[in-house]
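Next up, protein-v1.txt (compact mmCIF, C-alpha atoms):
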# COMPACT_ATOMS: atom_id res chain seq x y z
CA MET A 12 12.77 -2.35 13.36
CA LEU A 13 13.20 -5.56 11.41
CA ASP A 14 15.75 -5.46 8.61
CA LEU A 15 14.16 -6.40 5.30
CA GLU A 16 17.39 -7.90 3.98
CA LEU A 17 17.59 -10.22 6.96
CA LEU A 18 13.95 -11.16 6.52
CA ARG A 19 14.53 -11.86 2.83
CA SER A 20 17.38 -14.23 3.67
CA PHE A 21 15.29 -15.91 6.36
CA VAL A 22 12.37 -16.52 3.97
CA SER A 23 14.78 -17.80 1.34
CA VAL A 24 16.35 -20.29 3.76
CA VAL A 25 12.94 -21.64 4.77
CA GLU A 26 11.68 -21.88 1.19
CA ALA A 27 14.92 -23.35 -0.17
CA GLY A 28 15.36 -25.71 2.78
CA GLY A 29 19.02 -24.85 3.33
CA PHE A 30 21.65 -22.13 3.49
CA THR A 31 23.49 -22.97 0.28
CA ARG A 32 20.41 -22.87 -1.96
CA ALA A 33 19.15 -19.79 -0.14
CA GLY A 34 22.48 -18.06 -0.78
CA GLU A 35 22.04 -18.70 -4.49
CA ARG A 36 18.61 -17.09 -4.36
CA VAL A 37 19.72 -13.89 -2.63
CA HIS A 38 23.17 -13.80 -4.25
CA ARG A 39 25.04 -14.24 -0.98
CA THR A 40 27.54 -16.84 0.19
CA GLN A 41 26.41 -19.56 2.57
CA SER A 42 28.38 -18.03 5.42
CA THR A 43 26.89 -14.60 4.81
CA VAL A 44 23.35 -16.01 4.89
CA SER A 45 24.17 -17.90 8.09
CA GLN A 46 25.44 -14.70 9.69
CA GLN A 47 22.30 -12.85 8.61
CA ILE A 48 20.07 -15.46 10.23
CA LYS A 49 22.14 -15.23 13.42
CA ARG A 50 21.70 -11.43 13.45
CA LEU A 51 17.96 -11.79 12.92
CA GLU A 52 17.70 -14.28 15.77
CA GLU A 53 19.57 -11.86 18.01
CA ASP A 54 17.25 -9.03 16.97
CA VAL A 55 14.07 -10.94 17.81
CA GLY A 56 15.53 -12.86 20.75
CA GLN A 57 14.32 -16.21 19.43
CA VAL A 58 15.79 -19.28 17.71
CA LEU A 59 14.16 -19.27 14.31
CA LEU A 60 15.59 -22.37 12.60
CA HIS A 61 16.21 -25.99 13.51
CA ARG A 62 19.50 -27.09 11.94
CA ASP A 63 19.85 -30.84 11.39
CA GLY A 64 22.84 -31.35 9.13
CA LYS A 65 21.91 -30.00 5.73
CA ASP A 66 18.21 -29.93 6.57
CA VAL A 67 16.83 -26.67 7.93
CA ARG A 68 13.28 -26.06 9.12
CA PRO A 69 11.63 -23.24 11.08
CA THR A 70 11.00 -23.42 14.81
CA GLU A 71 7.62 -22.47 16.21
CA ALA A 72 8.85 -18.88 16.55
CA GLY A 73 10.24 -19.10 13.02
CA GLU A 74 6.86 -20.16 11.64
CA ARG A 75 5.20 -17.19 13.35
CA LEU A 76 7.80 -14.79 11.96
CA LEU A 77 7.57 -16.33 8.49
CA PHE A 78 3.97 -15.14 8.12
CA TYR A 79 4.90 -11.54 8.95
CA ALA A 80 8.16 -11.62 7.00
CA ARG A 81 6.34 -12.52 3.81
CA ARG A 82 3.79 -9.76 4.38
CA LEU A 83 6.47 -7.16 5.06
CA LEU A 84 8.48 -8.13 1.99
CA SER A 85 5.36 -8.11 -0.17
CA LEU A 86 4.37 -4.67 1.10
CA ALA A 87 7.87 -3.32 0.48
CA GLU A 88 7.77 -4.65 -3.07
CA GLU A 89 4.34 -3.11 -3.63
CA ALA A 90 5.58 0.28 -2.39
CA ARG A 91 8.60 0.06 -4.70
CA ASP A 92 6.37 -0.79 -7.67
CA VAL A 93 4.02 2.11 -6.96
CA LEU A 94 6.90 4.60 -6.86
CA ARG A 95 8.30 3.22 -10.10
CA GLN A 96 4.97 3.64 -11.88
CA PRO A 97 4.10 6.90 -13.65
CA ASP A 98 0.89 6.76 -11.61
CA GLY A 99 2.84 6.84 -8.38
CA GLU A 100 0.76 9.71 -7.01
CA GLY A 101 -1.47 6.97 -5.62
CA ALA A 102 -5.02 8.26 -6.03
CA ILE A 103 -7.36 10.37 -8.13
CA ARG A 104 -10.35 12.01 -6.45
CA LEU A 105 -13.01 12.47 -9.13
CA GLY A 106 -16.36 14.21 -8.82
CA ILE A 107 -19.20 13.65 -11.30
CA PRO A 108 -22.89 14.61 -11.51
CA GLU A 109 -25.27 11.85 -10.46
CA ASP A 110 -26.87 11.44 -13.88
CA PHE A 111 -23.40 10.72 -15.28
CA ALA A 112 -22.81 8.16 -12.53
CA ALA A 113 -26.00 6.36 -13.50
CA TYR A 114 -25.03 6.40 -17.17
CA ARG A 115 -22.32 4.70 -19.24
CA LEU A 116 -19.51 6.58 -17.44
CA ALA A 117 -19.32 3.77 -14.86
CA LYS A 118 -17.96 1.44 -17.56
CA LEU A 119 -15.27 3.94 -18.52
CA LEU A 120 -14.13 4.36 -14.92
CA GLY A 121 -14.07 0.61 -14.41
CA ALA A 122 -11.88 0.15 -17.48
CA PHE A 123 -9.55 2.95 -16.34
CA SER A 124 -9.17 1.34 -12.91
CA ARG A 125 -8.33 -2.03 -14.44
CA SER A 126 -5.71 -0.48 -16.68
CA HIS A 127 -4.12 1.30 -13.67
CA PRO A 128 -4.17 -1.38 -10.94
CA ARG A 129 -1.72 0.51 -8.71
CA LEU A 130 -3.82 3.67 -8.78
CA ARG A 131 -6.71 4.23 -6.39
CA LEU A 132 -9.74 5.89 -7.97
CA ASP A 133 -12.04 7.69 -5.51
CA VAL A 134 -15.25 8.70 -7.31
CA ARG A 135 -18.02 10.79 -5.77
CA ALA A 136 -21.38 11.59 -7.37
CA ASP A 137 -22.89 14.81 -6.08
CA GLN A 138 -24.61 18.06 -7.00
CA SER A 139 -22.57 20.25 -9.29
CA LYS A 140 -22.41 23.12 -6.78
CA HIS A 141 -20.74 20.81 -4.26
CA LEU A 142 -18.32 19.43 -6.84
CA ALA A 143 -17.24 22.92 -7.93
CA ARG A 144 -16.77 23.98 -4.30
CA ASP A 145 -14.74 20.89 -3.36
CA LEU A 146 -12.50 21.20 -6.43
CA GLU A 147 -11.74 24.79 -5.44
CA ARG A 148 -10.97 23.68 -1.87
CA GLY A 149 -8.51 21.06 -3.09
CA GLU A 150 -10.72 18.16 -1.99
CA LEU A 151 -11.05 16.86 -5.56
CA ASP A 152 -8.41 16.39 -8.26
CA LEU A 153 -10.80 16.33 -11.20
CA ALA A 154 -14.46 17.21 -11.61
CA LEU A 155 -17.10 17.02 -14.30
CA TYR A 156 -19.94 19.34 -13.36
CA LYS A 157 -22.76 21.47 -14.73
CA ARG A 158 -22.77 25.25 -14.81
CA GLU A 159 -24.18 28.19 -16.72
CA ALA A 160 -22.67 28.48 -20.18
CA GLY A 161 -19.99 31.02 -20.98
CA ALA A 162 -17.04 30.57 -18.59
CA LYS A 163 -13.64 29.94 -20.21
CA ASP A 164 -11.55 28.26 -17.51
CA ALA A 165 -12.20 24.56 -18.20
CA ILE A 166 -10.20 21.77 -19.83
CA ALA A 167 -13.25 21.24 -22.05
CA VAL A 168 -16.94 22.16 -22.10
CA TRP A 169 -20.00 20.68 -23.80
CA PRO A 170 -23.39 22.35 -24.29
CA GLU A 171 -26.07 20.50 -22.36
CA ARG A 172 -29.49 19.56 -23.64
CA VAL A 173 -32.10 19.83 -20.89
CA HIS A 174 -35.88 19.66 -21.06
CA TRP A 175 -39.01 20.22 -19.04
CA VAL A 176 -40.57 16.83 -18.32
CA THR A 177 -43.80 15.45 -16.92
CA SER A 178 -45.24 11.99 -16.50
CA LYS A 179 -46.23 10.12 -19.63
CA SER A 180 -48.99 8.17 -17.84
CA HIS A 181 -50.07 10.85 -15.35
CA PRO A 182 -49.20 14.22 -16.93
CA VAL A 183 -49.55 17.34 -14.84
CA ASP A 184 -52.14 19.86 -16.03
CA VAL A 185 -49.85 22.52 -17.46
CA THR A 186 -52.55 25.16 -17.16
CA VAL A 187 -52.66 25.01 -13.36
CA SER A 188 -52.33 28.33 -11.53
CA SER A 189 -49.25 27.18 -9.58
CA VAL A 190 -46.75 24.83 -11.23
CA PRO A 191 -45.66 21.94 -8.97
CA LEU A 192 -41.87 21.64 -9.17
CA ILE A 193 -39.74 18.56 -8.61
CA GLY A 194 -36.00 18.99 -8.19
CA PHE A 195 -32.79 18.86 -6.25
CA PRO A 196 -32.31 20.98 -3.10
CA LEU A 197 -31.53 24.69 -3.13
CA GLY A 198 -28.42 25.48 -5.16
CA CYS A 199 -29.10 23.13 -8.07
CA ILE A 200 -28.57 24.85 -11.41
CA TYR A 201 -31.67 23.16 -12.88
CA ARG A 202 -33.83 24.26 -9.96
CA ALA A 203 -32.64 27.85 -10.31
CA GLY A 204 -33.22 27.74 -14.07
CA ALA A 205 -36.72 26.36 -13.69
CA ILE A 206 -37.71 29.00 -11.14
CA HIS A 207 -36.22 31.79 -13.25
CA ALA A 208 -38.06 30.59 -16.36
CA LEU A 209 -41.41 30.37 -14.57
CA GLU A 210 -41.08 33.73 -12.85
CA SER A 211 -39.94 35.38 -16.10
CA ALA A 212 -43.12 34.06 -17.70
CA GLY A 213 -45.20 35.41 -14.81
CA ARG A 214 -46.21 31.97 -13.57
CA ALA A 215 -46.59 30.95 -9.94
CA TRP A 216 -44.87 27.81 -8.68
CA HIS A 217 -44.48 25.72 -5.56
CA THR A 218 -42.21 22.92 -4.47
CA ALA A 219 -43.91 19.55 -4.82
CA TYR A 220 -40.95 17.21 -4.26
CA THR A 221 -37.30 17.75 -3.34
CA SER A 222 -34.67 15.03 -3.37
CA SER A 223 -30.89 14.81 -3.44
CA SER A 224 -31.28 11.56 -5.42
CA LEU A 225 -31.70 11.55 -9.18
CA ALA A 226 -33.64 8.29 -8.95
CA GLY A 227 -36.07 9.91 -6.52
CA ILE A 228 -36.67 12.83 -8.87
CA GLN A 229 -37.16 10.53 -11.85
CA ALA A 230 -39.67 8.43 -9.90
CA ALA A 231 -41.59 11.50 -8.69
CA VAL A 232 -41.91 12.80 -12.25
CA ALA A 233 -43.09 9.40 -13.51
CA ALA A 234 -45.69 9.28 -10.73
CA GLY A 235 -47.14 12.62 -11.84
CA MET A 236 -46.19 14.59 -8.74
CA GLY A 237 -45.01 17.58 -10.74
CA LEU A 238 -42.72 18.94 -13.44
CA SER A 239 -38.96 18.91 -13.48
CA ILE A 240 -36.00 19.77 -15.65
CA LEU A 241 -33.74 16.88 -16.61
CA SER A 242 -30.81 16.35 -18.94
CA GLU A 243 -31.46 14.17 -21.98
CA MET A 244 -29.53 11.27 -20.53
CA ALA A 245 -31.70 11.34 -17.38
CA ILE A 246 -35.07 11.31 -19.18
CA GLN A 247 -36.79 7.94 -18.89
CA PRO A 248 -39.38 6.14 -21.06
CA ASP A 249 -42.17 6.98 -18.58
CA HIS A 250 -41.44 10.73 -18.93
CA ARG A 251 -42.85 13.11 -21.54
CA VAL A 252 -40.91 16.13 -22.75
CA LEU A 253 -42.72 19.48 -22.66
CA THR A 254 -42.05 22.10 -25.32
CA ALA A 255 -42.85 25.72 -26.02
CA LYS A 256 -46.20 24.56 -27.46
CA ASP A 257 -47.08 23.37 -23.96
CA GLY A 258 -46.11 26.76 -22.58
CA PHE A 259 -42.66 25.78 -21.34
CA ALA A 260 -39.89 27.50 -23.23
CA PRO A 261 -36.28 26.26 -22.94
CA ILE A 262 -34.41 27.44 -19.85
CA ASN A 263 -31.11 29.31 -19.84
CA ARG A 264 -28.27 27.44 -21.53
CA THR A 265 -26.14 25.20 -19.36
CA GLU A 266 -22.98 23.27 -20.05
CA VAL A 267 -20.92 20.42 -18.67
CA ALA A 268 -17.40 21.51 -17.72
CA LEU A 269 -14.37 19.33 -17.13
CA MET A 270 -12.07 20.92 -14.57
CA ALA A 271 -8.78 19.82 -12.97
CA ALA A 272 -7.10 21.07 -9.83
CA PRO A 273 -3.89 23.13 -10.25
CA GLY A 274 -0.83 20.92 -10.58
CA ALA A 275 -2.88 17.86 -11.56
CA SER A 276 -0.85 14.67 -11.83
CA PRO A 277 -0.13 12.95 -15.18
CA ALA A 278 -2.56 10.17 -14.22
CA THR A 279 -5.28 12.73 -13.50
CA LEU A 280 -4.74 14.35 -16.89
CA ARG A 281 -4.90 10.94 -18.58
CA LEU A 282 -8.26 10.32 -16.94
CA ALA A 283 -9.35 13.81 -18.04
CA ASP A 284 -8.55 12.83 -21.64
CA ARG A 285 -10.71 9.72 -21.30
CA LEU A 286 -13.59 11.73 -19.85
CA ALA A 287 -13.28 14.27 -22.66
CA GLU A 288 -13.50 11.47 -25.25
CA PHE A 289 -16.58 10.11 -23.47
CA CYS A 290 -18.34 13.48 -23.50
CA ASP A 291 -17.40 14.06 -27.14
CA ASP A 292 -18.94 10.69 -27.98
CA VAL A 293 -22.14 11.48 -26.08
CA GLN A 294 -22.45 14.79 -27.89
CA ALA A 295 -21.87 13.19 -31.30
CA LYS A 296 -24.55 10.55 -30.70
CA ALA A 297 -27.04 13.15 -29.50
CA ALA A 298 -26.48 15.43 -32.50
Let's see the structure in the file written out as structure tokens.
Amino acid sequence: MLDLELLRSFVSVVEAGGFTRAGERVHRTQSTVSQQIKRLEEDVGQVLLHRDGKDVRPTEAGERLLFYARRLLSLAEEARDVLRQPDGEGAIRLGIPEDFAAYRLAKLLGAFSRSHPRLRLDVRADQSKHLARDLERGELDLALYKREAGAKDAIAVWPERVHWVTSKSHPVDVTVSSVPLIGFPLGCIYRAGAIHALESAGRAWHTAYTSSSLAGIQAAVAAGMGLSILSEMAIQPDHRVLTAKDGFAPINRTEVALMAAPGASPATLRLADRLAEFCDDVQAKAA
């Protein structure tokens, strides 16, 4: 393995153009630097420097090594900086619902990344059931997901406002014998809530459109393919909200929960604080 101290002296000699000035850079005597270069040449089995009096320049082999030496020294310095940072855990794996990903949360995450340049942020938008499962498995460090209201084991929770929606331009006839449903695949909390509400009211239903993409569901609703349940932040201008007057009572209460894995790092908890502030702000503006 190449010795980083020898590489540092070698790079200094090349950049300084001589042993004396290089010694001043690395705080070594001229003779010590000369010995280090000799050791490096022995290690690689190549002459690395042309010595012409006081002038020193790299040989062809020296020029090839110079490229790698600079990369190795830079990488070593980066590793040292990361370990010195309070965010030295290296990465945060965050899970968020898709409607949050499509909303203003992207700006918050971008700002957090810029303020922690040594920290890798790995964000995944997915269904809440998958986020909860992966957090429990240890595959996520932090998750913001939707669930039925009432559990007490979260960093913070916020009540969620959800509504039945149809198309504004092509509304579905709400008196039809079988309600056409649009939603996420099996396991979605909204889908389960919609089915429970319809069956509790004695109404028949059928699946009209299923998509794992929020954009697909929004488009299907706008096109008049059926009814769906969406959070307030996911409702678009070409949607119309249905109320109890239309025969669609509110579904069971849901909430957004912020959860962290056991032993979460300080950086993860700082991001959790930022997410909590974001959700508080959203709630305040919606009130």
Completion exercise
Shortest contact to Trp169 of chain A, candidates A:Arg39, A:Arg264, A:Arg91, A:Arg19, atoms counted only C-alpha atoms, goes to A:Arg264
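Candidate residues A:Ala226, A:Leu17, A:Ala231, A:Leu132 were compared for distance to Thr43 of chain A, and the nearest is A:Leu17, using only C-alpha atoms.
Using only C-alpha atoms, the protein and nucleic acid residues lying no more than 9 Å from Ala80 of chain A, apart from those fewer than 5 places from it along its own chain, are Leu15, Leu18, Arg19, Phe21, Val22, Arg75 and Ser85 of chain A.
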Residues of segment 147-197 of chain A that have any atom at most 7 Å from an atom of segment 216-222 of chain A: could you tabulate them with the shortest-distance atom pair and the distance in Å to one decimal, using all atoms listed in the file, ordered by chain and increasing number, as a Markdown table?
| residue | atom | partner | partner_atom | distance |
| --- | --- | --- | --- | --- |
| A:Ser189 | CA | A:Trp216 | CA | 4.5 |
| A:Val190 | CA | A:Trp216 | CA | 4.3 |
| A:Pro191 | CA | A:Ala219 | CA | 5.1 |
| A:Leu192 | CA | A:Thr218 | CA | 4.9 |
| A:Ile193 | CA | A:Tyr220 | CA | 4.7 |
| A:Gly194 | CA | A:Thr221 | CA | 5.2 |
| A:Phe195 | CA | A:Ser222 | CA | 5.1 |
| A:Pro196 | CA | A:Thr221 | CA | 5.9 |
Tell me, as a PDB file with C-alpha atoms, in the coordinates of the input, which residues lie within 12 Å of segment 201-214 of chain A, counting all atoms listed in the file; anything in the same chain fewer than 4 positions away does not count.
ATOM      1  CA  GLN A 138     -24.610  18.060  -7.000  1.00  0.00           C
ATOM      2  CA  SER A 139     -22.570  20.250  -9.290  1.00  0.00           C
ATOM      3  CA  LYS A 140     -22.410  23.120  -6.780  1.00  0.00           C
ATOM      4  CA  LYS A 157     -22.760  21.470 -14.730  1.00  0.00           C
ATOM      5  CA  ARG A 158     -22.770  25.250 -14.810  1.00  0.00           C
ATOM      6  CA  GLU A 159     -24.180  28.190 -16.720  1.00  0.00           C
ATOM      7  CA  GLU A 171     -26.070  20.500 -22.360  1.00  0.00           C
ATOM      8  CA  ARG A 172     -29.490  19.560 -23.640  1.00  0.00           C
ATOM      9  CA  VAL A 173     -32.100  19.830 -20.890  1.00  0.00           C
ATOM     10  CA  HIS A 174     -35.880  19.660 -21.060  1.00  0.00           C
ATOM     11  CA  TRP A 175     -39.010  20.220 -19.040  1.00  0.00           C
ATOM     12  CA  VAL A 176     -40.570  16.830 -18.320  1.00  0.00           C
ATOM     13  CA  VAL A 185     -49.850  22.520 -17.460  1.00  0.00           C
ATOM     14  CA  THR A 186     -52.550  25.160 -17.160  1.00  0.00           C
ATOM     15  CA  VAL A 187     -52.660  25.010 -13.360  1.00  0.00           C
ATOM     16  CA  SER A 188     -52.330  28.330 -11.530  1.00  0.00           C
ATOM     17  CA  SER A 189     -49.250  27.180  -9.580  1.00  0.00           C
ATOM     18  CA  VAL A 190     -46.750  24.830 -11.230  1.00  0.00           C
ATOM     19  CA  PRO A 191     -45.660  21.940  -8.970  1.00  0.00           C
ATOM     20  CA  LEU A 192     -41.870  21.640  -9.170  1.00  0.00           C
ATOM     21  CA  ILE A 193     -39.740  18.560  -8.610  1.00  0.00           C
ATOM     22  CA  GLY A 194     -36.000  18.990  -8.190  1.00  0.00           C
ATOM     23  CA  PHE A 195     -32.790  18.860  -6.250  1.00  0.00           C
ATOM     24  CA  PRO A 196     -32.310  20.980  -3.100  1.00  0.00           C
ATOM     25  CA  LEU A 197     -31.530  24.690  -3.130  1.00  0.00           C
ATOM     26  CA  THR A 218     -42.210  22.920  -4.470  1.00  0.00           C
ATOM     27  CA  TYR A 220     -40.950  17.210  -4.260  1.00  0.00           C
ATOM     28  CA  THR A 221     -37.300  17.750  -3.340  1.00  0.00           C
ATOM     29  CA  SER A 222     -34.670  15.030  -3.370  1.00  0.00           C
ATOM     30  CA  SER A 223     -30.890  14.810  -3.440  1.00  0.00           C
ATOM     31  CA  ILE A 228     -36.670  12.830  -8.870  1.00  0.00           C
ATOM     32  CA  LEU A 238     -42.720  18.940 -13.440  1.00  0.00           C
ATOM     33  CA  SER A 239     -38.960  18.910 -13.480  1.00  0.00           C
ATOM     34  CA  ILE A 240     -36.000  19.770 -15.650  1.00  0.00           C
ATOM     35  CA  LEU A 241     -33.740  16.880 -16.610  1.00  0.00           C
ATOM     36  CA  SER A 242     -30.810  16.350 -18.940  1.00  0.00           C
ATOM     37  CA  ALA A 255     -42.850  25.720 -26.020  1.00  0.00           C
ATOM     38  CA  GLY A 258     -46.110  26.760 -22.580  1.00  0.00           C
ATOM     39  CA  PHE A 259     -42.660  25.780 -21.340  1.00  0.00           C
ATOM     40  CA  ALA A 260     -39.890  27.500 -23.230  1.00  0.00           C
ATOM     41  CA  PRO A 261     -36.280  26.260 -22.940  1.00  0.00           C
ATOM     42  CA  ILE A 262     -34.410  27.440 -19.850  1.00  0.00           C
ATOM     43  CA  ASN A 263     -31.110  29.310 -19.840  1.00  0.00           C
ATOM     44  CA  ARG A 264     -28.270  27.440 -21.530  1.00  0.00           C
ATOM     45  CA  THR A 265     -26.140  25.200 -19.360  1.00  0.00           C
ATOM     46  CA  GLU A 266     -22.980  23.270 -20.050  1.00  0.00           C
TER      47      GLU A 266
END
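Atom CA of Thr279 of chain A sits 13.2 Å away from atom CA of Leu146 of chain A.
The interatomic distance for the pair atom CA of Ala33 of chain A and atom CA of Met12 of chain A works out to 23.0 Å.
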Exercise for the section: Excluding His61 of chain A and residues on its chain fewer than 3 positions from it, collect all residues at most 10 Å away from it, counting all atoms listed in the file, and give them as a PyMOL selection string. Expected result: chain A and resi 58+64+66-71+73
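Proximity to Leu286 of chain A was assessed for A:Gly28, A:Gly56, A:Pro170, A:Gly106 counting all atoms listed in the file; the smallest distance is recorded for A:Gly106.
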Could you pull segment 76-88 of chain A out of the structure just shown and give N, CA and C atoms as an mmCIF file, in the first residue's frame?
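Generated output (result.cif):
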data_model
loop_
_atom_site.group_PDB
_atom_site.id
_atom_site.type_symbol
_atom_site.label_atom_id
_atom_site.label_comp_id
_atom_site.auth_asym_id
_atom_site.auth_seq_id
_atom_site.Cartn_x
_atom_site.Cartn_y
_atom_site.Cartn_z
ATOM 1 N N LEU A 76 1.844 8.937 -11.511
ATOM 2 C CA LEU A 76 1.584 8.791 -10.081
ATOM 3 C C LEU A 76 0.975 10.052 -9.497
ATOM 4 N N LEU A 77 1.369 11.219 -10.018
ATOM 5 C CA LEU A 77 0.882 12.487 -9.470
ATOM 6 C C LEU A 77 -0.638 12.557 -9.497
ATOM 7 N N PHE A 78 -1.229 12.088 -10.585
ATOM 8 C CA PHE A 78 -2.687 12.090 -10.722
ATOM 9 C C PHE A 78 -3.334 11.285 -9.594
ATOM 10 N N TYR A 79 -2.818 10.091 -9.364
ATOM 11 C CA TYR A 79 -3.396 9.220 -8.330
ATOM 12 C C TYR A 79 -3.068 9.711 -6.931
ATOM 13 N N ALA A 80 -1.876 10.266 -6.755
ATOM 14 C CA ALA A 80 -1.481 10.767 -5.439
ATOM 15 C C ALA A 80 -2.419 11.870 -4.981
ATOM 16 N N ARG A 81 -2.734 12.775 -5.893
ATOM 17 C CA ARG A 81 -3.650 13.862 -5.530
ATOM 18 C C ARG A 81 -5.028 13.330 -5.188
ATOM 19 N N ARG A 82 -5.493 12.343 -5.932
ATOM 20 C CA ARG A 82 -6.808 11.752 -5.645
ATOM 21 C C ARG A 82 -6.815 11.054 -4.287
ATOM 22 N N LEU A 83 -5.757 10.301 -4.004
ATOM 23 C CA LEU A 83 -5.692 9.583 -2.728
ATOM 24 C C LEU A 83 -5.629 10.545 -1.549
ATOM 25 N N LEU A 84 -4.846 11.600 -1.681
ATOM 26 C CA LEU A 84 -4.743 12.581 -0.600
ATOM 27 C C LEU A 84 -6.056 13.327 -0.404
ATOM 28 N N SER A 85 -6.723 13.639 -1.512
ATOM 29 C CA SER A 85 -8.019 14.315 -1.417
ATOM 30 C C SER A 85 -9.058 13.426 -0.749
ATOM 31 N N LEU A 86 -9.062 12.150 -1.111
ATOM 32 C CA LEU A 86 -10.016 11.215 -0.506
ATOM 33 C C LEU A 86 -9.747 11.028 0.978
ATOM 34 N N ALA A 87 -8.466 10.965 1.351
ATOM 35 C CA ALA A 87 -8.116 10.830 2.767
ATOM 36 C C ALA A 87 -8.574 12.047 3.558
ATOM 37 N N GLU A 88 -8.412 13.220 2.957
ATOM 38 C CA GLU A 88 -8.840 14.452 3.630
ATOM 39 C C GLU A 88 -10.361 14.494 3.773
#
